[in-house]
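Following: one structure in structure tokens, then a few remarks.
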2 protein chains.
Amino acid sequence: MRLIVLGAAAGGGFPQWNSACAVGRRAWRRDPAARWRTQCSVAISADGERWTLLNASPDLRQQILATPALHPRRGPRHSPIGAVVLTNGDVDHVAGLLTLRESQPFALYATAAILDVLGSNPIFDVFDSEFVRRHPLVLDQPLELEAGLAIVPFAVPGKVPLYLEGDAVEVGAETEDVIGLELRGAAGARAFFVPGCARLTPALAERLERAALVLFDGTLWSDDEMIRSGTGVKTGTRMGHMSVSGPDGTLAAFAGLHVERKVLIHINNTNPILLDDSPERAQVEAAGWEVAYDGMEITL
Amino acid sequence: MRLIVLGAAAGGGFPQWNSACAVGRRAWRRDPAARWRTQCSVAISADGERWTLLNASPDLRQQILATPALHPRRGPRHSPIGAVVLTNGDVDHVAGLLTLRESQPFALYATAAILDVLGSNPIFDVFDSEFVRRHPLVLDQPLELEAGLAIVPFAVPGKVPLYLEGDAVEVGAETEDVIGLELRGAAGARAFFVPGCARLTPALAERLERAALVLFDGTLWSDDEMIRSGTGVKTGTRMGHMSVSGPDGTLAAFAGLHVERKVLIHINNTNPILLDDSPERAQVEAAGWEVAYDGMEITL
């Protein structure tokens, strides 16, 4: 199984268009220790010929141009992208679908709840149903993407997309609104893609145990980070993201788990782990974690 | 008045993710005569401090990062972008609105018809109405954007957005679905932005006469270009775009007009004028036209 990180940042990217917090300022001045990152998406393939996108970020066109494996190979119309799988309905995971217009066939997989969200937005009718087939994902049912590559979707604690939030938002429920994906390769390799997660439940921990690779929600370093950096009014908890640090954070939650390779992804522009020289980066690396970057390739 | 071309290509950009036609292949192999271009958007300003975007392309995040004038200057949350004006509801002109989320105030201007389109897509509720005010444009009514900079919207022959097309599409009607913009600077300078136009009517020609600058629909070189390049099944006419060449084309239609500076913009990835060394490029330049590119700056 080959996996390419197309984008490693959370919604807004790094830097974010309207954010010049302490971490973002270093990116704006092109500090080499503050590498720019586009919004979170990953491409996977068994044979290197046909690729599946895990989420379609608003930066998808730029990500395709930066990734030779995704360039058309057989003109005049062709793409190696055969499928897209969505893990939730957030703008940073679905807006890139609009880049995949232009009468190109591919399969679109999402839970029925997320397909309903797309269905209620006529702008996504820009895909002719003749070309783009929408398939509901069934939780905990393996789905073969191609020979030697299957996914298993499962619910993780989260919340509905921001643009569907009402007055009372329930955070942390395990519904079809937010899923994680187990990726199963030919040789029995098990990897996980969980870009958003409100809490590492015992059941989720058990699922991840003994995985070869976990790409996990690295949105925020600390729960009140956006408030303290002056960039927002919400806590991580309120946004459906557990923090990396702290007694209830990701580092602590994974401390007792056996996972061969652990990678933080979906990283918000305020998170100091984005800086190669920060103490927080040193701390996650000391705990056995890597920090994803655009173009990172992993073969299992 | 300062004007920056953020993106000069039509929908899909150059190259387009799934297109490797003869023109596109040169872009994919990074031929220096086939300069990459993002999707069509323009930024204008009178004072260089506050900017208005004309259309919000799917590439907007990348365009902002590439344009220092649009970077935040006053942290932690700031943007020089104060307003966005839409000329129609096509994906390549509205998808970039989704990049402008993140609790940042700006004014959004579009005709009532296009605001209705946005209103029927809940994904655009990602802007809190507290931050983003939607204002209907009234045709032929001047609107001051800032001191020394006003726009006048006017209907041009076109059609509804692709994703709203029914079985019978009327092309060429002058409705609120497609508009052009007159840009009025402080010193009486008149410029025009018309990225999509099905036909140069006598009334439109009269409007453009004696302008200092016209940025005009350069989508296709010839009406059957997409069919002949194997990239599509529609003619330019069917898509609501007049062609650059031919007896009814843009070069011919402007031949009798007095316009100081004429620039082709919104150029499709199949159009040979994108190639610096093509005979078609030589022909448009001989007729007094320039071909827009990303980062092109014009001061009036």
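Residues in the structure tokens are named by chain (A, B, ... in the order shown) and by number from 1 within that chain; ligands are numbered from 1 in the order shown.
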
Taking a cut-off of 6 Å and counting only C-alpha atoms, can you build a table that, for each residue of chain B near chain A, reports the nearest atom pair and how far apart they are in Å (one decimal), sorted by chain then residue number, as a Markdown table?
| residue | atom | partner | partner_atom | distance |
| --- | --- | --- | --- | --- |
| B:Asn18 | CA | A:Ser79 | CA | 5.1 |
| B:Ser19 | CA | A:Arg77 | CA | 4.8 |
| B:Ala20 | CA | A:Pro76 | CA | 4.6 |
| B:Cys21 | CA | A:Pro76 | CA | 4.5 |
| B:Pro72 | CA | A:Asn18 | CA | 5.6 |
| B:Gly75 | CA | A:Ala20 | CA | 4.8 |
| B:Pro76 | CA | A:Cys21 | CA | 4.5 |
| B:Arg77 | CA | A:Ser19 | CA | 4.8 |
| B:His78 | CA | A:Asn18 | CA | 5.1 |
| B:Ser79 | CA | A:Asn18 | CA | 5.1 |
| B:Asn121 | CA | A:Asn121 | CA | 4.5 |
| B:Ile123 | CA | A:Tyr163 | CA | 5.9 |
| B:Asp125 | CA | A:Tyr163 | CA | 5.2 |
| B:Val126 | CA | A:Tyr163 | CA | 4.4 |
| B:Tyr163 | CA | A:Val126 | CA | 4.4 |
| B:Gly230 | CA | A:Pro76 | CA | 6.0 |
| B:Thr231 | CA | A:Arg77 | CA | 5.9 |

What does the file look like for those residues with N, CA, C and O atoms, as a compact mmCIF listing (two decimals), in the first residue's frame?
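Ended up saving to selection.txt:
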# COMPACT_ATOMS: atom_id res chain seq x y z
N ASN B 18 -7.67 16.83 -15.12
CA ASN B 18 -7.90 15.59 -15.87
C ASN B 18 -7.75 15.79 -17.38
O ASN B 18 -8.29 15.03 -18.16
N SER B 19 -7.02 16.83 -17.78
CA SER B 19 -6.96 17.14 -19.20
C SER B 19 -5.53 17.19 -19.68
O SER B 19 -4.70 17.94 -19.15
N ALA B 20 -5.22 16.38 -20.65
CA ALA B 20 -3.89 16.40 -21.26
C ALA B 20 -4.06 16.48 -22.78
O ALA B 20 -3.60 15.64 -23.53
N CYS B 21 -4.76 17.53 -23.20
CA CYS B 21 -4.90 17.81 -24.61
C CYS B 21 -3.56 18.37 -25.10
O CYS B 21 -2.62 18.53 -24.33
N PRO B 72 -2.58 39.02 5.47
CA PRO B 72 -2.96 39.77 6.68
C PRO B 72 -1.81 40.66 7.12
O PRO B 72 -0.65 40.28 7.03
N GLY B 75 -2.17 41.32 12.86
CA GLY B 75 -2.55 40.08 13.50
C GLY B 75 -3.42 40.30 14.71
O GLY B 75 -3.60 41.43 15.12
N PRO B 76 -3.92 39.23 15.33
CA PRO B 76 -3.83 37.85 14.85
C PRO B 76 -4.84 37.51 13.77
O PRO B 76 -4.61 36.57 13.03
N ARG B 77 -5.93 38.27 13.65
CA ARG B 77 -6.90 38.01 12.59
C ARG B 77 -7.09 39.26 11.77
O ARG B 77 -7.53 40.28 12.29
N HIS B 78 -6.78 39.18 10.48
CA HIS B 78 -6.95 40.34 9.61
C HIS B 78 -6.89 39.89 8.16
O HIS B 78 -6.26 38.89 7.83
N SER B 79 -7.57 40.63 7.29
CA SER B 79 -7.39 40.44 5.86
C SER B 79 -7.65 41.76 5.17
O SER B 79 -8.58 42.48 5.54
N ASN B 121 -27.87 26.68 -1.17
CA ASN B 121 -26.78 25.75 -0.86
C ASN B 121 -26.32 25.98 0.58
O ASN B 121 -25.54 26.90 0.85
N ILE B 123 -24.14 24.85 2.33
CA ILE B 123 -22.70 24.85 2.61
C ILE B 123 -22.18 26.29 2.75
O ILE B 123 -21.23 26.55 3.50
N ASP B 125 -23.60 28.55 4.30
CA ASP B 125 -23.92 29.05 5.64
C ASP B 125 -22.72 28.94 6.57
O ASP B 125 -22.79 29.29 7.74
N VAL B 126 -21.58 28.43 6.02
CA VAL B 126 -20.35 28.39 6.79
C VAL B 126 -19.91 29.81 7.17
O VAL B 126 -19.16 30.00 8.11
N TYR B 163 -24.57 23.67 -12.95
CA TYR B 163 -25.26 22.78 -12.01
C TYR B 163 -26.73 23.11 -11.84
O TYR B 163 -27.45 22.40 -11.14
N GLY B 230 -10.90 16.66 -28.11
CA GLY B 230 -11.28 15.43 -27.41
C GLY B 230 -11.51 15.62 -25.92
O GLY B 230 -11.51 14.67 -25.15
N THR B 231 -11.72 16.87 -25.50
CA THR B 231 -11.86 17.13 -24.06
C THR B 231 -13.30 17.38 -23.64
O THR B 231 -13.58 17.53 -22.45

If we count only C-alpha atoms and set the cut-off at 7 Å, which residues sit around region 145-149 of chain A, ignoring sequence neighbours fewer than 5 positions away in its own chain? Please answer as a JSON list (two decimals) with all heavy atoms, in the first residue's frame.
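And here's out.json as it stands now:
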[["chain", "number", "residue", "atom", "x", "y", "z"],
["A", 46, "ALA", "N", -2.85, 0.71, -4.15],
["A", 46, "ALA", "CA", -2.14, -0.57, -4.02],
["A", 46, "ALA", "C", -1.14, -0.72, -5.16],
["A", 46, "ALA", "O", -0.01, -1.15, -4.95],
["A", 46, "ALA", "CB", -3.13, -1.73, -4.05],
["A", 184, "ARG", "N", -6.75, -1.52, 4.73],
["A", 184, "ARG", "CA", -6.19, -2.87, 4.75],
["A", 184, "ARG", "C", -5.42, -3.14, 3.46],
["A", 184, "ARG", "O", -6.00, -3.15, 2.38],
["A", 184, "ARG", "CB", -7.30, -3.91, 4.90],
["A", 184, "ARG", "CG", -7.97, -3.86, 6.25],
["A", 184, "ARG", "CD", -9.00, -4.98, 6.38],
["A", 184, "ARG", "NE", -9.64, -4.93, 7.70],
["A", 184, "ARG", "CZ", -10.70, -5.63, 8.04],
["A", 184, "ARG", "NH1", -11.27, -6.45, 7.15],
["A", 184, "ARG", "NH2", -11.22, -5.53, 9.26],
["A", 185, "GLY", "N", -4.13, -3.39, 3.61],
["A", 185, "GLY", "CA", -3.29, -3.68, 2.44],
["A", 185, "GLY", "C", -3.25, -5.17, 2.17],
["A", 185, "GLY", "O", -3.83, -5.99, 2.90],
["A", 186, "ALA", "N", -2.53, -5.52, 1.09],
["A", 186, "ALA", "CA", -2.50, -6.91, 0.62],
["A", 186, "ALA", "C", -1.85, -7.84, 1.64],
["A", 186, "ALA", "O", -2.34, -8.92, 1.91],
["A", 186, "ALA", "CB", -1.76, -6.99, -0.71]]

CA of Arg190 (chain A) to CA of Arg210 (chain A) measures 8.4 Å

As a VMD selection string, please: all residues of region 13-119 of chain B that backbone DSSP puts in alpha helix (DSSP H).
-> chain B and resid 22 to 28 60 to 65 91 to 94 112 to 119

May I have the residues within 12 Å of Ala113 (chain B) as a ChimeraX atom specification, using only C-alpha atoms and disregarding those fewer than 5 positions away in the same chain?
-> /B:86-89,118-120,135-139,155,160-161,164,175-179

Writer output for current selection, C-alpha atoms, as a PDB file, in the first residue's frame:
ATOM      1  CA  LEU B  86     -19.649  37.786  -8.185  1.00  0.00           C
ATOM      2  CA  THR B  87     -20.315  37.996 -11.935  1.00  0.00           C
ATOM      3  CA  ASN B  88     -22.211  34.696 -12.085  1.00  0.00           C
ATOM      4  CA  GLY B  89     -22.839  31.514 -10.091  1.00  0.00           C
ATOM      5  CA  LEU B 118     -25.980  30.662  -2.773  1.00  0.00           C
ATOM      6  CA  GLY B 119     -28.948  30.704  -0.414  1.00  0.00           C
ATOM      7  CA  SER B 120     -30.153  27.364  -1.724  1.00  0.00           C
ATOM      8  CA  HIS B 135     -25.937  42.658  -0.659  1.00  0.00           C
ATOM      9  CA  PRO B 136     -27.958  42.400  -3.863  1.00  0.00           C
ATOM     10  CA  LEU B 137     -26.456  44.221  -6.836  1.00  0.00           C
ATOM     11  CA  VAL B 138     -28.919  46.276  -8.826  1.00  0.00           C
ATOM     12  CA  LEU B 139     -28.204  46.268 -12.549  1.00  0.00           C
ATOM     13  CA  ALA B 155     -26.315  42.117 -17.731  1.00  0.00           C
ATOM     14  CA  VAL B 160     -27.418  29.851 -15.813  1.00  0.00           C
ATOM     15  CA  PRO B 161     -24.649  27.945 -13.965  1.00  0.00           C
ATOM     16  CA  LEU B 164     -28.632  24.517 -12.444  1.00  0.00           C
ATOM     17  CA  THR B 175     -30.523  38.296 -17.272  1.00  0.00           C
ATOM     18  CA  GLU B 176     -29.179  38.584 -13.742  1.00  0.00           C
ATOM     19  CA  ASP B 177     -27.456  35.215 -14.185  1.00  0.00           C
ATOM     20  CA  VAL B 178     -24.378  36.670 -15.885  1.00  0.00           C
ATOM     21  CA  ILE B 179     -23.119  40.200 -15.454  1.00  0.00           C
TER      22      ILE B 179
END
